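Report on one structure; see the data block that follows.
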Amino acid sequence: MRAMEALSTVLCVLLLLPAFLLSGTVVTAVMLAAYVLVRPLSLTLFEKLVWHLVPAAAAVLVLLPEYWAGVEHKLYGEAAEWVKLGTENSILLCNHRCDIDWLSGWVVGSRTGVLGGFKAIMKRSAIYVPVLGALWWLSGYIFIARDWMRDKKRMLRMFANLRADPVPYLLVLFAEGTRFTTNKLALAREFAASKGLPLPKHTLVPKTRGFVATAKSLEGSYDSVYDITFMPAQGPRAPSLAGLFARRPAEVHVLLRRIPAADIPK
């Protein structure tokens, strides 16, 4: 079994990684040319190109869990809310359970046809990830140092760009600010108890400052907030990055709930 998984990992690195680097580099080069030549003339046309080009650049990565490893993503929630996703400006609030949550998000975005509209606030070091860093930057992601005095201008500039965005945006926020562990859950439960909050069982207590600042800055611009909960299976079907390479089948449950902007407290 371990020998087969090791062989699968080697094949993945030899076959899929070069394919991603090649396709991602080509698409990113096209996006860079469009950024220089098209964006100054028509922001609408540039954003529409981004909407269609990002899924092309990410295609190999999306294939990795779906077809290479056989990770099954099960979607839950109201069908009408899933259909509405991507037709309006929205903030996506997500939890962070495992090391492939971001990739599960890309799979869901690809499956629902909204991957090209994703924006996110990320650690500054992420811009140096080969291919992906340039792709994220060209897509309008913002890279922060987690120092409010240094990040404030960047974030305000991003919010201004989002307000002017001619196509629907989906701003992704991982509200917990860190990945779930049992130790962090214990700390979260202690904190919740001290503040008189409901005790979490499967997620951490979300950090509110980032969301409040975002919601206030984009007030009047976004139409809804989508509460998206990732719940990976436990035990033998638990997903992991190493498991993807080794073609280890796994399962991720994704629950979506739409909250109209009018229902968000001011």
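Lettering and numbering for the structure tokens are positional, with chains as A, B, ... in the shown order, residues counted from 1 in each chain, and ligands counted from 1 in the shown order.
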
Considering only strand (DSSP E) as DSSP defines it on the backbone, what residues of segment 22-229 of chain A qualify? List them as a PDB file with N, CA and C atoms, in the first residue's frame.
ATOM      1  N   VAL A  71     -11.026  12.865  -4.360  1.00  0.00           N
ATOM      2  CA  VAL A  71     -11.618  13.529  -3.201  1.00  0.00           C
ATOM      3  C   VAL A  71     -13.049  13.926  -3.564  1.00  0.00           C
ATOM      4  N   GLU A  72     -14.002  13.475  -2.788  1.00  0.00           N
ATOM      5  CA  GLU A  72     -15.411  13.745  -3.069  1.00  0.00           C
ATOM      6  C   GLU A  72     -15.871  14.965  -2.281  1.00  0.00           C
ATOM      7  N   HIS A  73     -16.334  15.981  -3.005  1.00  0.00           N
ATOM      8  CA  HIS A  73     -16.864  17.181  -2.368  1.00  0.00           C
ATOM      9  C   HIS A  73     -18.386  17.130  -2.404  1.00  0.00           C
ATOM     10  N   LYS A  74     -19.003  17.097  -1.236  1.00  0.00           N
ATOM     11  CA  LYS A  74     -20.460  17.042  -1.134  1.00  0.00           C
ATOM     12  C   LYS A  74     -20.970  18.409  -0.702  1.00  0.00           C
ATOM     13  N   LEU A  75     -21.851  18.996  -1.516  1.00  0.00           N
ATOM     14  CA  LEU A  75     -22.342  20.345  -1.276  1.00  0.00           C
ATOM     15  C   LEU A  75     -23.725  20.311  -0.625  1.00  0.00           C
ATOM     16  N   TYR A  76     -23.913  21.166   0.381  1.00  0.00           N
ATOM     17  CA  TYR A  76     -25.174  21.235   1.113  1.00  0.00           C
ATOM     18  C   TYR A  76     -25.652  22.688   1.145  1.00  0.00           C
ATOM     19  N   SER A  90     -20.237  39.780  -3.189  1.00  0.00           N
ATOM     20  CA  SER A  90     -20.430  39.066  -1.925  1.00  0.00           C
ATOM     21  C   SER A  90     -19.121  38.878  -1.174  1.00  0.00           C
ATOM     22  N   ILE A  91     -19.266  38.694   0.129  1.00  0.00           N
ATOM     23  CA  ILE A  91     -18.156  38.329   1.014  1.00  0.00           C
ATOM     24  C   ILE A  91     -18.366  36.874   1.411  1.00  0.00           C
ATOM     25  N   LEU A  92     -17.346  36.058   1.254  1.00  0.00           N
ATOM     26  CA  LEU A  92     -17.433  34.646   1.607  1.00  0.00           C
ATOM     27  C   LEU A  92     -16.661  34.424   2.906  1.00  0.00           C
ATOM     28  N   LEU A  93     -17.371  34.051   3.949  1.00  0.00           N
ATOM     29  CA  LEU A  93     -16.748  33.766   5.248  1.00  0.00           C
ATOM     30  C   LEU A  93     -16.541  32.257   5.371  1.00  0.00           C
ATOM     31  N   CYS A  94     -15.301  31.831   5.479  1.00  0.00           N
ATOM     32  CA  CYS A  94     -14.988  30.394   5.491  1.00  0.00           C
ATOM     33  C   CYS A  94     -14.237  30.019   6.767  1.00  0.00           C
ATOM     34  N   PHE A 118     -13.092  35.132  -7.612  1.00  0.00           N
ATOM     35  CA  PHE A 118     -12.535  35.080  -6.260  1.00  0.00           C
ATOM     36  C   PHE A 118     -11.489  36.175  -6.045  1.00  0.00           C
ATOM     37  N   LYS A 119     -11.552  36.834  -4.910  1.00  0.00           N
ATOM     38  CA  LYS A 119     -10.517  37.733  -4.407  1.00  0.00           C
ATOM     39  C   LYS A 119     -10.225  37.292  -2.974  1.00  0.00           C
ATOM     40  N   ALA A 120      -9.066  37.626  -2.464  1.00  0.00           N
ATOM     41  CA  ALA A 120      -8.756  37.229  -1.091  1.00  0.00           C
ATOM     42  C   ALA A 120      -7.691  38.139  -0.512  1.00  0.00           C
ATOM     43  N   ILE A 121      -7.612  38.154   0.804  1.00  0.00           N
ATOM     44  CA  ILE A 121      -6.552  38.847   1.533  1.00  0.00           C
ATOM     45  C   ILE A 121      -5.601  37.771   2.052  1.00  0.00           C
ATOM     46  N   MET A 122      -4.339  37.840   1.661  1.00  0.00           N
ATOM     47  CA  MET A 122      -3.400  36.755   1.950  1.00  0.00           C
ATOM     48  C   MET A 122      -2.122  37.281   2.584  1.00  0.00           C
ATOM     49  N   LYS A 123      -1.389  36.361   3.218  1.00  0.00           N
ATOM     50  CA  LYS A 123      -0.071  36.713   3.767  1.00  0.00           C
ATOM     51  C   LYS A 123       0.854  37.168   2.642  1.00  0.00           C
ATOM     52  N   ILE A 142      -4.968  40.796  -2.419  1.00  0.00           N
ATOM     53  CA  ILE A 142      -4.107  41.731  -1.707  1.00  0.00           C
ATOM     54  C   ILE A 142      -3.213  40.952  -0.750  1.00  0.00           C
ATOM     55  N   PHE A 143      -1.963  41.370  -0.639  1.00  0.00           N
ATOM     56  CA  PHE A 143      -0.978  40.672   0.189  1.00  0.00           C
ATOM     57  C   PHE A 143      -0.591  41.585   1.341  1.00  0.00           C
ATOM     58  N   ILE A 144      -0.765  41.103   2.555  1.00  0.00           N
ATOM     59  CA  ILE A 144      -0.568  41.944   3.740  1.00  0.00           C
ATOM     60  C   ILE A 144       0.525  41.379   4.644  1.00  0.00           C
ATOM     61  N   LEU A 170     -16.194  38.060  -5.395  1.00  0.00           N
ATOM     62  CA  LEU A 170     -16.428  37.179  -4.254  1.00  0.00           C
ATOM     63  C   LEU A 170     -15.185  37.270  -3.367  1.00  0.00           C
ATOM     64  N   LEU A 171     -15.257  38.084  -2.331  1.00  0.00           N
ATOM     65  CA  LEU A 171     -14.114  38.317  -1.451  1.00  0.00           C
ATOM     66  C   LEU A 171     -14.080  37.245  -0.368  1.00  0.00           C
ATOM     67  N   VAL A 172     -13.027  36.439  -0.371  1.00  0.00           N
ATOM     68  CA  VAL A 172     -12.914  35.296   0.538  1.00  0.00           C
ATOM     69  C   VAL A 172     -12.165  35.703   1.811  1.00  0.00           C
ATOM     70  N   LEU A 173     -12.780  35.451   2.957  1.00  0.00           N
ATOM     71  CA  LEU A 173     -12.149  35.691   4.252  1.00  0.00           C
ATOM     72  C   LEU A 173     -12.181  34.414   5.076  1.00  0.00           C
ATOM     73  N   PHE A 174     -11.017  33.978   5.567  1.00  0.00           N
ATOM     74  CA  PHE A 174     -10.971  32.865   6.520  1.00  0.00           C
ATOM     75  C   PHE A 174     -11.056  33.484   7.906  1.00  0.00           C
ATOM     76  N   SER A 224     -24.399  40.471  -0.317  1.00  0.00           N
ATOM     77  CA  SER A 224     -24.657  39.365   0.608  1.00  0.00           C
ATOM     78  C   SER A 224     -23.362  38.871   1.222  1.00  0.00           C
ATOM     79  N   VAL A 225     -23.527  38.126   2.315  1.00  0.00           N
ATOM     80  CA  VAL A 225     -22.428  37.395   2.937  1.00  0.00           C
ATOM     81  C   VAL A 225     -22.785  35.916   2.850  1.00  0.00           C
ATOM     82  N   TYR A 226     -21.838  35.109   2.378  1.00  0.00           N
ATOM     83  CA  TYR A 226     -22.044  33.667   2.315  1.00  0.00           C
ATOM     84  C   TYR A 226     -21.233  33.001   3.428  1.00  0.00           C
ATOM     85  N   ASP A 227     -21.929  32.321   4.299  1.00  0.00           N
ATOM     86  CA  ASP A 227     -21.300  31.551   5.374  1.00  0.00           C
ATOM     87  C   ASP A 227     -21.001  30.167   4.814  1.00  0.00           C
ATOM     88  N   ILE A 228     -19.706  29.869   4.626  1.00  0.00           N
ATOM     89  CA  ILE A 228     -19.296  28.598   4.021  1.00  0.00           C
ATOM     90  C   ILE A 228     -18.489  27.792   5.031  1.00  0.00           C
ATOM     91  N   THR A 229     -18.980  26.613   5.350  1.00  0.00           N
ATOM     92  CA  THR A 229     -18.321  25.756   6.331  1.00  0.00           C
ATOM     93  C   THR A 229     -17.764  24.511   5.649  1.00  0.00           C
TER      94      THR A 229
END

| task | Please measure the separation of atom CA of Phe230 of chain A and atom CA of Arg247 of chain A, giving the value in Å to one decimal. | result | 20.6 Å

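Between Ala175 of chain A and the residues A:Phe191, A:Phe159, A:Phe211, A:Tyr128, the shortest atom-to-atom distance, using only C-alpha atoms, involves A:Phe211.
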
| Between A:Ile127, A:Glu176, A:Gln234, A:Arg111, which has the minimum distance to Lys207 of chain A (counting only C-alpha atoms)? | A:Glu176

| message | With only C-alpha atoms as the counted atoms, please give the residues lying no more than 7 Å from segment 55-66 of chain A, apart from itself and same-chain residues fewer than 4 positions off, as a count of residues only. | response | 14

| message | Can you tell me, as a PyMOL selection string, which residues in segment 74-173 of chain A count as alpha helix (DSSP H) by DSSP? | response | chain A and resi 79-84+101-112+132-138+148-164

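Residues surrounding Leu187 of chain A within 12 Å are Phe180, Thr181, Ala193, Ser194, Leu199, Pro200, Lys201, Thr203, Leu204 and Val205 of chain A [only C-alpha atoms; sequence separation below 6 positions excluded].
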
| Spatial neighbours of Arg237 of chain A, max dist 7 Å, only C-alpha atoms, sep filter under 3 positions, as a ChimeraX atom specification | /A:233-234,249-251

Just want the 12 Å neighbourhood of Arg154 of chain A, counted on only C-alpha atoms, with same-chain residues fewer than 2 positions away dropped. Output as a short mmCIF file (atom, residue, chain, number, x, y, z; two decimals) with C-alpha atoms, in the first residue's frame.
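File written: part-v1.cif
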data_model
loop_
_atom_site.label_atom_id
_atom_site.label_comp_id
_atom_site.auth_asym_id
_atom_site.auth_seq_id
_atom_site.Cartn_x
_atom_site.Cartn_y
_atom_site.Cartn_z
CA ILE A 121 -6.55 38.85 1.53
CA MET A 122 -3.40 36.75 1.95
CA ARG A 124 2.55 38.74 1.90
CA GLY A 140 -6.79 41.46 -7.56
CA TYR A 141 -5.77 39.62 -4.39
CA ILE A 142 -4.11 41.73 -1.71
CA PHE A 143 -0.98 40.67 0.19
CA ILE A 144 -0.57 41.94 3.74
CA ALA A 145 2.15 41.90 6.39
CA ARG A 146 -0.37 41.51 9.24
CA ASP A 147 0.66 44.92 10.53
CA TRP A 148 -2.35 47.24 10.43
CA MET A 149 -0.32 50.44 10.02
CA ARG A 150 1.50 48.95 7.01
CA ASP A 151 -1.52 47.15 5.59
CA LYS A 152 -4.18 49.85 5.95
CA LEU A 156 -8.29 50.57 1.46
CA ARG A 157 -6.95 50.58 -2.10
CA MET A 158 -8.26 47.04 -2.61
CA PHE A 159 -11.68 47.97 -1.26
CA ALA A 160 -11.78 50.98 -3.62
CA ASN A 161 -10.92 48.67 -6.53
#

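Distance annotation: of A:Glu190, A:Pro239, A:Val254, A:Gly117, the residue with the minimal separation from Gly77 of chain A is A:Val254; atom set is only C-alpha atoms.
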
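Distance-wise, atom CA of Glu47 of chain A and atom CA of Gly220 of chain A end up 20.7 Å apart.
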
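Atom to atom, atom CA of Pro130 of chain A and atom CA of Val54 of chain A stand 15.0 Å apart.
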
Write out as a compact mmCIF listing (two decimals) with C-alpha atoms, in the first residue's frame which residues come within 9 Å of Ile264 of chain A when counting only C-alpha atoms, dropping same-chain ones fewer than 2 positions away.
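New file selection-v1.txt:
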# COMPACT_ATOMS: atom_id res chain seq x y z
CA ALA A 215 -17.98 45.08 5.82
CA SER A 224 -24.66 39.37 0.61
CA VAL A 225 -22.43 37.40 2.94
CA ILE A 259 -27.15 36.20 4.46
CA PRO A 260 -28.45 39.33 2.68
CA ALA A 261 -26.38 42.45 3.29
CA ALA A 262 -29.49 44.15 4.70
CA LYS A 266 -24.46 48.03 11.20

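Each of A:Glu81, A:Tyr169, A:Ile100, A:Ala19 was compared to Lys48 of chain A using only C-alpha atoms, and A:Tyr169 turns out to be the nearest.
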